[in-house]
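Novice: Input structure: final31.csv, which contains CSV, C-alpha atoms and all ligand atoms.
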```csv
chain,number,residue,atom,x,y,z
A,205,MET,CA,67.3,55.2,64.0
A,206,GLU,CA,70.3,54.4,66.2
A,207,GLN,CA,71.5,50.8,65.8
A,208,ARG,CA,73.4,49.2,68.7
A,209,ALA,CA,75.7,46.1,68.9
A,210,PHE,CA,73.6,43.5,70.7
A,211,GLY,CA,76.2,42.5,73.3
A,212,MET,CA,78.8,40.1,71.9
A,213,THR,CA,76.3,38.2,69.8
A,214,GLY,CA,77.4,39.7,66.5
A,215,LEU,CA,73.9,41.1,65.9
A,216,SER,CA,72.8,44.8,65.7
A,217,VAL,CA,69.5,46.0,66.9
A,218,SER,CA,67.7,49.3,66.8
A,219,VAL,CA,67.3,51.3,70.0
A,220,LEU,CA,63.5,51.1,69.6
A,221,GLY,CA,62.3,47.6,68.8
A,222,LEU,CA,58.7,46.5,68.1
A,223,GLY,CA,56.9,44.5,70.8
A,224,ALA,CA,54.7,42.4,68.5
A,225,GLY,CA,52.4,41.2,71.3
A,226,GLN,CA,49.7,43.6,70.4
A,227,VAL,CA,49.9,42.7,66.7
A,228,GLY,CA,48.7,39.3,67.7
A,229,ALA,CA,45.2,40.5,68.8
A,230,GLU,CA,42.3,39.1,66.8
A,231,SER,CA,40.6,42.5,67.2
A,232,LEU,CA,43.3,44.1,65.1
A,233,SER,CA,42.5,43.9,61.4
A,234,GLU,CA,44.9,42.0,59.1
A,235,GLU,CA,45.4,45.2,57.1
A,236,THR,CA,46.4,47.3,60.1
A,237,ALA,CA,48.7,44.5,61.4
A,238,GLY,CA,50.5,44.4,58.0
A,239,THR,CA,50.8,48.2,57.8
A,240,LEU,CA,52.2,48.4,61.3
A,241,LEU,CA,54.8,45.7,60.9
A,242,ASN,CA,56.0,47.1,57.6
A,243,ARG,CA,56.0,50.7,58.9
A,244,ALA,CA,58.2,49.7,61.7
A,245,LEU,CA,60.8,48.3,59.3
A,246,ASP,CA,60.4,51.3,56.9
A,247,ARG,CA,61.3,53.6,59.8
A,248,GLY,CA,64.5,51.8,60.8
A,249,ILE,CA,63.2,49.5,63.5
A,250,THR,CA,65.3,46.3,63.1
A,251,LEU,CA,64.2,44.2,66.1
A,252,VAL,CA,60.7,42.5,66.2
A,253,ASP,CA,59.8,40.6,69.3
A,254,THR,CA,57.1,37.9,69.3
A,255,ALA,CA,56.3,34.6,71.1
A,256,ARG,CA,54.4,31.4,70.7
A,257,GLY,CA,51.8,32.8,73.2
A,258,TYR,CA,51.0,36.1,71.4
A,259,GLY,CA,47.9,35.0,69.5
A,260,LEU,CA,48.2,35.7,65.8
A,261,SER,CA,51.6,37.5,66.1
A,262,GLU,CA,53.9,34.8,64.7
A,263,GLU,CA,51.5,34.1,61.8
A,264,ARG,CA,51.2,37.7,60.9
A,265,ILE,CA,54.9,38.2,60.9
A,266,GLY,CA,55.1,35.3,58.5
A,267,ARG,CA,52.4,36.8,56.3
A,268,HIS,CA,53.6,40.4,56.3
A,269,LEU,CA,57.4,40.4,56.9
A,270,ALA,CA,58.8,37.1,55.7
A,271,HIS,CA,59.6,38.6,52.3
A,272,ARG,CA,61.8,41.2,54.1
A,273,ARG,CA,63.7,38.6,56.2
A,274,ASN,CA,67.1,40.2,55.9
A,275,ASP,CA,65.8,43.6,57.1
A,276,PHE,CA,65.2,42.7,60.7
A,277,ILE,CA,66.3,40.7,63.7
A,278,LEU,CA,63.6,38.3,64.7
A,279,SER,CA,63.1,37.4,68.4
A,280,SER,CA,60.7,34.8,69.6
A,281,LYS,CA,60.0,32.7,72.7
A,282,GLY,CA,58.7,29.3,73.5
A,283,GLY,CA,58.9,26.2,75.6
A,284,TYR,CA,55.2,25.5,75.8
A,285,GLY,CA,52.0,25.3,73.9
A,286,ILE,CA,52.6,22.6,71.3
A,287,GLU,CA,49.7,20.1,71.1
A,288,GLY,CA,50.5,16.6,72.2
A,289,THR,CA,53.8,17.7,73.7
A,290,GLU,CA,54.6,18.2,77.3
A,291,ASP,CA,55.7,21.8,78.2
A,292,TRP,CA,59.3,22.6,79.1
A,293,THR,CA,60.8,19.4,77.6
A,294,PRO,CA,63.5,19.0,74.9
A,295,LEU,CA,60.8,17.8,72.6
A,296,VAL,CA,58.7,20.9,73.0
A,297,ILE,CA,61.8,23.0,72.3
A,298,ARG,CA,62.5,21.1,69.0
A,299,ARG,CA,58.9,21.0,67.9
A,300,GLY,CA,58.2,24.6,69.1
A,301,ILE,CA,61.1,25.9,67.0
A,302,GLU,CA,60.0,23.9,63.9
A,303,HIS,CA,56.4,25.2,64.3
A,304,ALA,CA,57.6,28.8,64.8
A,305,LEU,CA,59.8,28.6,61.6
A,306,GLN,CA,56.8,27.4,59.7
A,307,ARG,CA,54.4,29.9,61.1
A,308,MET,CA,56.8,32.8,60.5
A,309,ARG,CA,57.8,31.4,57.1
A,310,VAL,CA,61.5,31.8,57.9
A,311,ASP,CA,64.6,29.6,57.8
A,312,TRP,CA,66.0,30.9,61.1
A,313,ILE,CA,65.1,32.8,64.3
A,314,ASP,CA,67.8,35.2,65.4
A,315,ILE,CA,67.0,35.2,69.1
A,316,PHE,CA,65.0,32.4,70.8
A,317,HIS,CA,64.0,32.7,74.4
A,318,LEU,CA,62.8,30.3,77.0
A,319,HIS,CA,59.7,32.2,77.9
A,320,SER,CA,59.4,33.0,81.6
A,321,CYS,CA,60.0,29.5,83.0
A,322,PRO,CA,60.9,29.3,86.7
A,323,LEU,CA,64.4,28.6,88.0
A,324,ASP,CA,64.0,24.9,88.5
A,325,VAL,CA,62.9,24.5,84.9
A,326,LEU,CA,65.6,26.8,83.6
A,327,ARG,CA,68.3,24.7,85.2
A,328,LYS,CA,67.3,21.5,83.4
A,329,GLU,CA,70.3,20.4,81.4
A,330,ASP,CA,68.3,18.5,78.8
A,331,LEU,CA,66.3,21.7,78.0
A,332,LEU,CA,69.4,23.8,77.7
A,333,GLY,CA,70.9,21.0,75.5
A,334,ALA,CA,68.0,21.2,73.2
A,335,LEU,CA,68.5,24.9,72.8
A,336,ASP,CA,72.2,24.4,72.1
A,337,ASP,CA,71.3,21.8,69.4
A,338,ALA,CA,68.9,24.2,67.7
A,339,ARG,CA,71.7,26.8,67.6
A,340,GLU,CA,74.2,24.4,66.3
A,341,ALA,CA,71.7,23.3,63.6
A,342,GLY,CA,71.4,26.9,62.5
A,343,TYR,CA,67.7,27.3,63.3
A,344,VAL,CA,68.5,29.8,66.0
A,345,ARG,CA,71.4,32.2,66.2
A,346,VAL,CA,71.2,33.3,69.8
A,347,THR,CA,69.7,31.3,72.7
A,348,ALA,CA,68.2,33.5,75.3
A,349,TYR,CA,66.1,33.7,78.5
A,350,SER,CA,63.1,36.0,79.1
A,351,GLY,CA,62.2,36.5,82.8
A,352,GLU,CA,62.9,38.2,86.1
A,353,ASN,CA,64.5,38.1,89.5
A,354,GLU,CA,66.4,35.0,90.7
A,355,ALA,CA,65.8,33.0,87.5
A,356,LEU,CA,67.1,35.9,85.4
A,357,ALA,CA,70.1,36.4,87.6
A,358,TRP,CA,70.9,32.7,87.2
A,359,ALA,CA,70.5,32.9,83.4
A,360,VAL,CA,73.0,35.7,83.2
A,361,HIS,CA,75.6,34.0,85.3
A,362,SER,CA,75.1,30.5,83.8
A,363,GLY,CA,77.1,31.2,80.6
A,364,ARG,CA,74.4,29.3,78.7
A,365,PHE,CA,72.7,32.2,77.0
A,366,GLY,CA,73.7,34.9,74.6
A,367,SER,CA,71.1,37.4,75.6
A,368,VAL,CA,68.2,38.1,78.0
A,369,GLU,CA,64.8,39.9,77.8
A,370,THR,CA,63.6,41.6,81.0
A,371,SER,CA,61.4,44.3,82.4
A,372,VAL,CA,63.1,47.7,82.5
A,373,ASN,CA,61.0,50.8,83.1
A,374,LEU,CA,60.4,53.7,85.5
A,375,ALA,CA,58.4,51.4,87.8
A,376,ASP,CA,60.4,48.2,87.4
A,377,GLN,CA,64.1,48.6,88.0
A,378,TRP,CA,65.1,45.4,89.8
A,379,SER,CA,66.9,44.0,86.7
A,380,ARG,CA,68.5,47.4,86.0
A,381,HIS,CA,70.1,47.5,89.4
A,382,HIS,CA,70.7,43.8,90.1
A,383,VAL,CA,71.4,42.1,86.8
A,384,LEU,CA,72.2,44.5,83.9
A,385,PRO,CA,75.7,45.3,85.2
A,386,SER,CA,76.7,41.6,85.1
A,387,ALA,CA,74.9,41.1,81.8
A,388,SER,CA,77.1,44.0,80.3
A,389,GLU,CA,80.3,42.6,81.8
A,390,ARG,CA,79.6,39.2,80.3
A,391,GLY,CA,78.7,40.7,76.8
A,392,LEU,CA,75.1,39.5,76.8
A,393,GLY,CA,72.5,41.3,74.6
A,394,VAL,CA,69.7,42.9,76.6
A,395,ILE,CA,66.1,43.6,75.4
A,396,ALA,CA,63.9,45.7,77.7
A,397,LYS,CA,60.3,44.6,77.8
A,398,ARG,CA,57.4,46.5,79.1
A,399,PRO,CA,59.6,49.6,78.5
A,400,ILE,CA,57.0,52.2,79.1
A,401,ALA,CA,55.5,50.5,82.1
A,402,ASN,CA,52.4,49.4,80.1
A,403,ALA,CA,51.4,53.1,79.8
A,404,ALA,CA,50.0,52.8,83.3
A,405,TRP,CA,49.7,56.6,83.7
A,406,GLN,CA,46.8,56.6,81.2
A,407,PHE,CA,44.4,55.2,83.9
A,408,THR,CA,42.9,58.0,86.0
A,409,HIS,CA,41.8,55.3,88.6
A,410,ARG,CA,43.5,52.2,89.8
A,411,PRO,CA,43.1,49.7,86.9
A,412,VAL,CA,42.0,46.8,89.1
A,413,GLY,CA,42.8,43.4,87.7
A,414,GLU,CA,44.5,45.0,84.6
A,415,TYR,CA,48.0,44.1,83.5
A,416,ALA,CA,49.2,47.7,84.3
A,417,GLU,CA,47.8,47.7,87.9
A,418,THR,CA,51.2,47.1,89.7
A,419,TYR,CA,52.9,49.7,87.7
A,420,TRP,CA,50.1,52.2,88.2
A,421,GLU,CA,50.4,51.8,91.9
A,422,ARG,CA,54.2,52.1,91.8
A,423,LEU,CA,54.1,55.2,89.7
A,424,GLN,CA,51.6,56.8,92.2
A,425,THR,CA,54.0,55.9,95.0
A,426,MET,CA,57.1,57.3,93.2
A,427,ASN,CA,55.2,60.6,92.6
A,428,LEU,CA,57.0,61.4,89.4
A,429,ASP,CA,54.4,63.8,88.2
A,430,VAL,CA,55.9,67.0,89.6
A,431,VAL,CA,59.4,66.5,88.1
A,432,ARG,CA,57.8,65.4,84.8
A,433,GLN,CA,55.8,68.6,84.6
A,434,GLN,CA,58.6,70.8,85.7
A,435,ALA,CA,60.8,69.3,82.9
A,436,GLY,CA,58.0,69.8,80.4
A,437,LEU,CA,57.9,66.2,79.4
A,438,ASP,CA,54.8,64.1,78.8
A,439,TRP,CA,54.6,60.6,80.2
A,440,ALA,CA,55.5,58.7,77.1
A,441,ASP,CA,58.6,60.9,76.6
A,442,LEU,CA,59.7,60.4,80.2
A,443,ALA,CA,59.1,56.7,80.2
A,444,LEU,CA,60.6,55.8,76.9
A,445,ARG,CA,63.7,57.9,77.1
A,446,PHE,CA,64.3,56.5,80.6
A,447,SER,CA,64.4,52.9,79.4
A,448,ALA,CA,65.9,53.4,76.0
A,449,TYR,CA,69.0,55.0,77.5
A,450,ALA,CA,69.3,52.9,80.7
A,451,PRO,CA,72.8,51.6,81.0
A,452,GLY,CA,73.1,48.0,79.7
A,453,VAL,CA,69.9,48.1,77.6
A,454,HIS,CA,70.3,47.6,73.9
A,455,SER,CA,66.7,47.8,72.6
A,456,VAL,CA,63.3,48.7,74.1
A,457,ILE,CA,60.5,46.8,72.5
A,458,VAL,CA,57.5,49.1,73.0
A,459,GLY,CA,54.3,47.1,72.3
A,460,THR,CA,51.8,48.8,70.1
A,461,ALA,CA,48.9,48.1,67.7
A,462,ASN,CA,48.6,51.8,67.0
A,463,ILE,CA,50.5,53.3,64.0
A,464,GLU,CA,50.4,56.9,65.5
A,465,ASN,CA,52.0,55.6,68.7
A,466,LEU,CA,54.6,53.8,66.7
A,467,GLU,CA,55.5,57.0,64.8
A,468,ARG,CA,55.5,59.0,68.0
A,469,ASN,CA,57.8,56.5,69.8
A,470,ILE,CA,60.3,56.7,66.9
A,471,ARG,CA,60.4,60.5,67.3
A,472,LEU,CA,60.8,60.3,71.0
A,473,VAL,CA,63.8,58.1,71.1
A,474,GLU,CA,65.6,60.5,68.7
A,475,ASP,CA,65.6,63.1,71.5
A,476,GLY,CA,68.2,61.0,73.4
A,477,PRO,CA,68.7,60.5,77.1
A,478,LEU,CA,66.6,62.4,79.7
A,479,PRO,CA,68.3,65.5,81.3
A,480,LEU,CA,70.6,64.6,84.2
A,481,ASP,CA,68.4,66.4,86.8
A,482,VAL,CA,65.4,64.3,85.8
A,483,LEU,CA,67.4,61.1,86.0
A,484,THR,CA,68.7,62.1,89.4
A,485,TRP,CA,65.1,62.6,90.6
A,486,ILE,CA,64.0,59.3,89.3
A,487,GLU,CA,67.0,57.6,91.0
A,488,ALA,CA,66.1,59.2,94.3
A,489,ALA,CA,62.4,58.1,94.0
A,490,TRP,CA,63.5,54.5,93.3
A,491,ALA,CA,66.0,54.6,96.2
A,492,GLN,CA,63.2,55.8,98.5
A,493,HIS,CA,60.4,53.5,97.4
A,494,GLY,CA,61.6,50.8,95.0
A,495,GLN,CA,64.2,48.8,96.9
A,496,GLU,CA,61.8,45.9,97.7
A,497,TRP,CA,60.0,45.9,94.4
A,498,GLN,CA,60.6,42.8,92.4
A,499,GLY,CA,60.7,42.5,88.6
A,500,GLU,CA,57.3,41.9,87.0
A,501,VAL,CA,57.1,39.0,84.5
B,601,LIG,N1,58.7,37.9,77.8
B,601,LIG,C1,57.7,38.3,78.4
B,601,LIG,O1,57.2,37.6,79.3
B,601,LIG,C2,57.0,39.5,78.0
B,601,LIG,C3,56.1,40.1,78.9
B,601,LIG,C4,55.6,41.4,78.6
B,601,LIG,C5,55.9,42.0,77.4
B,601,LIG,N2,56.8,41.3,76.5
B,601,LIG,C6,57.2,41.9,75.2
B,601,LIG,O2,57.4,43.3,75.4
B,601,LIG,C7,56.5,44.1,74.6
B,601,LIG,C8,56.1,45.4,75.3
B,601,LIG,O3,55.6,45.1,76.5
B,601,LIG,P1,54.1,45.6,76.9
B,601,LIG,O4,53.3,45.7,75.7
B,601,LIG,O5,53.6,44.7,78.0
B,601,LIG,O6,54.4,47.0,77.6
B,601,LIG,P2,54.8,48.5,77.1
B,601,LIG,O7,55.5,48.4,75.8
B,601,LIG,O8,55.4,49.1,78.3
B,601,LIG,O9,53.4,49.2,76.9
B,601,LIG,C9,52.5,48.9,75.9
B,601,LIG,C10,51.3,49.8,76.0
B,601,LIG,O10,51.7,51.1,75.8
B,601,LIG,C11,50.8,51.7,74.8
B,601,LIG,N3,51.6,52.7,74.1
B,601,LIG,C12,52.6,52.5,73.2
B,601,LIG,N4,53.2,53.6,72.8
B,601,LIG,C13,52.5,54.6,73.4
B,601,LIG,C14,52.6,56.0,73.4
B,601,LIG,N5,53.5,56.7,72.7
B,601,LIG,N6,51.7,56.7,74.2
B,601,LIG,C15,50.8,56.1,75.0
B,601,LIG,N7,50.7,54.8,75.0
B,601,LIG,C16,51.5,54.0,74.2
B,601,LIG,C17,50.3,50.6,74.0
B,601,LIG,O11,49.0,50.9,73.5
B,601,LIG,P3,48.7,51.0,71.9
B,601,LIG,O12,48.6,49.6,71.4
B,601,LIG,O13,47.4,51.7,71.9
B,601,LIG,O14,49.8,51.8,71.3
B,601,LIG,C18,50.2,49.4,75.0
B,601,LIG,O15,49.0,49.4,75.7
B,601,LIG,C19,55.4,43.1,74.2
B,601,LIG,O16,54.8,43.5,73.0
B,601,LIG,C20,56.2,41.8,74.1
B,601,LIG,O17,56.8,41.8,72.9
B,601,LIG,C21,57.4,40.2,76.9
```
With the file now loaded, output its structure as structure tokens.

Specialist:
Amino acid sequence: MEQRAFGMTGLSVSVLGLGAGQVGAESLSEETAGTLLNRALDRGITLVDTARGYGLSEERIGRHLAHRRNDFILSSKGGYGIEGTEDWTPLVIRRGIEHALQRMRVDWIDIFHLHSCPLDVLRKEDLLGALDDAREAGYVRVTAYSGENEALAWAVHSGRFGSVETSVNLADQWSRHHVLPSASERGLGVIAKRPIANAAWQFTHRPVGEYAETYWERLQTMNLDVVRQQAGLDWADLALRFSAYAPGVHSVIVGTANIENLERNIRLVEDGPLPLDVLTWIEAAWAQHGQEWQGEV
């Protein structure tokens, strides 16, 4: 598995990371969660991404991966959800990090993101100061922002963060065009979330009210199916190799609770970037249809 320097943070991350949102589902057995998390590391994945809000995810990372702490870069997110503490305050940052360290049974979190807060919250000096304090105390190595659009652009230009996490996929290219070039120039690490567009192609009909609905509609509009078939690629192949090799992206955290999909994704990234003619076609489809499409949180 290719490992990449994570901007100028001093960390290295695998090109394919594990989005551990799905690992937090109560419907997933403890045994499968443990097997999946360990399989990811056994196969060379060195970035695991979780959050306060991902159900059992942080707890399960603690139960199944804490003993392998030096084998992976741990990314989490917070700013909310601590009982008795107001969201988006310095106190919730401090307590949130303490709770996360306990839940995950670790001494430090490599990358800690403010999780999708809006721009007015993001600019609060006391909140940013609490993040700096956590880094200086050694609880966090890189302070980061996860989000989209104007808030993300502000985060990249602020000089206050070492890395960002943002949506980058076939159907979500706002960050790729508007923010990733500046992030690269400034040496920020970049994690691509929702990197296979929530596998929206799997729905034969519009998935009304589902997470993937916006991407389903965008993929229909971009009409990528013809070029995909001509190139002899299946959807996961097209989607994953697009985001994994997008300029400025260091790691793509495909979310999965399915060990077969995990193994498949590991094989797919090994095939390298998409052929140039396919990329040119995607670029043209985005230029024609995607200019007004904002990043999806
Ligand atoms: N910061 C934020 O606000 C934020 C927001 C969204 C996501 N995230 C992070 O990004 C990660 C990934 O995002 P995401 O899960 O929303 O989107 P995604 O990675 O684009 O898509 C995940 C979906 O794709 C399916 N899948 C995975 N591999 C596949 C394959 N080879 N073929 C077909 N389907 C496949 C998964 O189902 P199976 O489980 O069946 O494999 C899951 O339904 C999350 O786990 C989380 O860590 C962060």

Novice: Edge lengths and centre in Å to one decimal, as lines of an AutoDock Vina configuration file, of the axis-aligned box that encloses all listed atoms of segment 322-333 of chain A with 3 Å added on every side?

Specialist:
```
center_x = 65.9
center_y = 23.9
center_z = 82.0
size_x = 16.0
size_y = 16.8
size_z = 19.0
```

Novice: Tell me, in Å to one decimal, how far atom CA of Asp438 of chain A is from atom CA of Glu417 of chain A.

Specialist: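 Separation of atom CA of Asp438 of chain A and atom CA of Glu417 of chain A: 20.0 Å.
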
Novice: Could you work out how far atom CA of Val501 of chain A lies from atom CA of Ser218 of chain A, giving the answer in Å with one decimal?

Specialist: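 Between atom CA of Ser218 of chain A and atom CA of Val501 of chain A the gap works out to 23.1 Å.
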
Novice: Check which residues fall inside 7 Å of ligand LIG 601 (chain B) when counting only C-alpha atoms and all ligand atoms, and print them as a CSV table (one decimal) with C-alpha atoms, keeping the file's coordinate frame.

Specialist:
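Contents of out.csv, freshly written:
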```csv
chain,number,residue,atom,x,y,z
A,222,LEU,CA,58.7,46.5,68.1
A,223,GLY,CA,56.9,44.5,70.8
A,224,ALA,CA,54.7,42.4,68.5
A,225,GLY,CA,52.4,41.2,71.3
A,226,GLN,CA,49.7,43.6,70.4
A,253,ASP,CA,59.8,40.6,69.3
A,254,THR,CA,57.1,37.9,69.3
A,319,HIS,CA,59.7,32.2,77.9
A,320,SER,CA,59.4,33.0,81.6
A,350,SER,CA,63.1,36.0,79.1
A,351,GLY,CA,62.2,36.5,82.8
A,369,GLU,CA,64.8,39.9,77.8
A,370,THR,CA,63.6,41.6,81.0
A,397,LYS,CA,60.3,44.6,77.8
A,398,ARG,CA,57.4,46.5,79.1
A,399,PRO,CA,59.6,49.6,78.5
A,400,ILE,CA,57.0,52.2,79.1
A,401,ALA,CA,55.5,50.5,82.1
A,402,ASN,CA,52.4,49.4,80.1
A,403,ALA,CA,51.4,53.1,79.8
A,440,ALA,CA,55.5,58.7,77.1
A,457,ILE,CA,60.5,46.8,72.5
A,458,VAL,CA,57.5,49.1,73.0
A,459,GLY,CA,54.3,47.1,72.3
A,460,THR,CA,51.8,48.8,70.1
A,461,ALA,CA,48.9,48.1,67.7
A,462,ASN,CA,48.6,51.8,67.0
A,465,ASN,CA,52.0,55.6,68.7
A,466,LEU,CA,54.6,53.8,66.7
A,468,ARG,CA,55.5,59.0,68.0
A,469,ASN,CA,57.8,56.5,69.8
A,501,VAL,CA,57.1,39.0,84.5
```

Novice: Kindly give the distance, in Å, that separates atom CA of Ser367 of chain A and atom CA of Glu340 of chain A, rounded to a single decimal.

Specialist: 16.3 Å

Novice: Between A:Leu305, A:Glu487, A:Glu414, A:Glu474, which residue has the minimum interatomic distance to Gln207 of chain A, considering all atoms listed in the file?

Specialist: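 Ranking A:Leu305, A:Glu487, A:Glu414, A:Glu474 by distance to Gln207 of chain A, first place goes to A:Glu474.
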
Novice: How close does segment 332-378 of chain A get to segment 266-290 of chain A? List, as JSON lines, each residue of segment 332-378 of chain A within 12 Å, its nearest atom pair and the distance in Å to one decimal, counting all atoms listed in the file.

Specialist:
```
{"residue": "A:Leu332", "atom": "CA", "partner": "A:Gly283", "partner_atom": "CA", "distance": 11.0}
{"residue": "A:Ala334", "atom": "CA", "partner": "A:Gly283", "partner_atom": "CA", "distance": 10.7}
{"residue": "A:Leu335", "atom": "CA", "partner": "A:Gly283", "partner_atom": "CA", "distance": 10.1}
{"residue": "A:Tyr343", "atom": "CA", "partner": "A:Leu278", "partner_atom": "CA", "distance": 11.8}
{"residue": "A:Val344", "atom": "CA", "partner": "A:Ser279", "partner_atom": "CA", "distance": 9.6}
{"residue": "A:Arg345", "atom": "CA", "partner": "A:Leu278", "partner_atom": "CA", "distance": 10.0}
{"residue": "A:Val346", "atom": "CA", "partner": "A:Ser279", "partner_atom": "CA", "distance": 9.2}
{"residue": "A:Thr347", "atom": "CA", "partner": "A:Lys281", "partner_atom": "CA", "distance": 9.8}
{"residue": "A:Ala348", "atom": "CA", "partner": "A:Lys281", "partner_atom": "CA", "distance": 8.6}
{"residue": "A:Tyr349", "atom": "CA", "partner": "A:Lys281", "partner_atom": "CA", "distance": 8.5}
{"residue": "A:Ser350", "atom": "CA", "partner": "A:Lys281", "partner_atom": "CA", "distance": 7.8}
{"residue": "A:Gly351", "atom": "CA", "partner": "A:Lys281", "partner_atom": "CA", "distance": 11.0}
{"residue": "A:Ser367", "atom": "CA", "partner": "A:Ser279", "partner_atom": "CA", "distance": 10.8}
{"residue": "A:Val368", "atom": "CA", "partner": "A:Ser279", "partner_atom": "CA", "distance": 10.9}
{"residue": "A:Glu369", "atom": "CA", "partner": "A:Ser279", "partner_atom": "CA", "distance": 9.9}
```

Novice: Nearest residue to Val473 of chain A out of A:Glu500, A:Asp324, A:Glu263, A:Asp441, using all atoms listed in the file?

Specialist: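 Ranked by minimum distance to Val473 of chain A, first place goes to A:Asp441.
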
Novice: What lies within 6 Å of Ser261 of chain A using only C-alpha atoms, ignoring chain neighbours under 2 positions off, as a list in words?

Specialist: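 Answer for this query is Val227, Gly228, Tyr258, Gly259, Glu263 and Arg264 of chain A.
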
Novice: From the options A:Gly238, A:Gly248, A:Gly494, A:Pro322, which residue's atoms come nearest to Asp376 of chain A, counting all atoms listed in the file?

Specialist: A:Gly494

Novice: Given the choices A:Val431, A:Ala209, A:Arg309, A:Leu444, which gets closest to Glu262 of chain A if the distance is worked out from all atoms listed in the file?

Specialist: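 Answer, going by the shortest atom-to-atom distance: A:Arg309.
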
Novice: Let me make sure I understand: among A:His409, A:Gly342, A:Asn427, A:Glu235, which one has the smallest atom-to-atom distance to Val310 of chain A if we use all atoms listed in the file?

Specialist: A:Gly342

Novice: Residues of segment 257-367 of chain A that approach segment 377-382 of chain A to 9 Å or less, counting all atoms listed in the file: could you list each one with the shortest pair of atoms and its distance in Å to one decimal, rows by chain and increasing residue number, as CSV?

Specialist:
```
residue,atom,partner,partner_atom,distance
A:Glu352,CA,A:Ser379,CA,7.1
A:Asn353,CA,A:Ser379,CA,7.0
A:Leu356,CA,A:Ser379,CA,8.2
A:Ala357,CA,A:His382,CA,7.8
```

Novice: Between A:Ser231, A:Gly214, A:Thr408, A:Val456, which has the minimum distance to Leu251 of chain A (counting only C-alpha atoms)?

Specialist: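 Among A:Ser231, A:Gly214, A:Thr408, A:Val456, it is A:Val456 that comes nearest to Leu251 of chain A.
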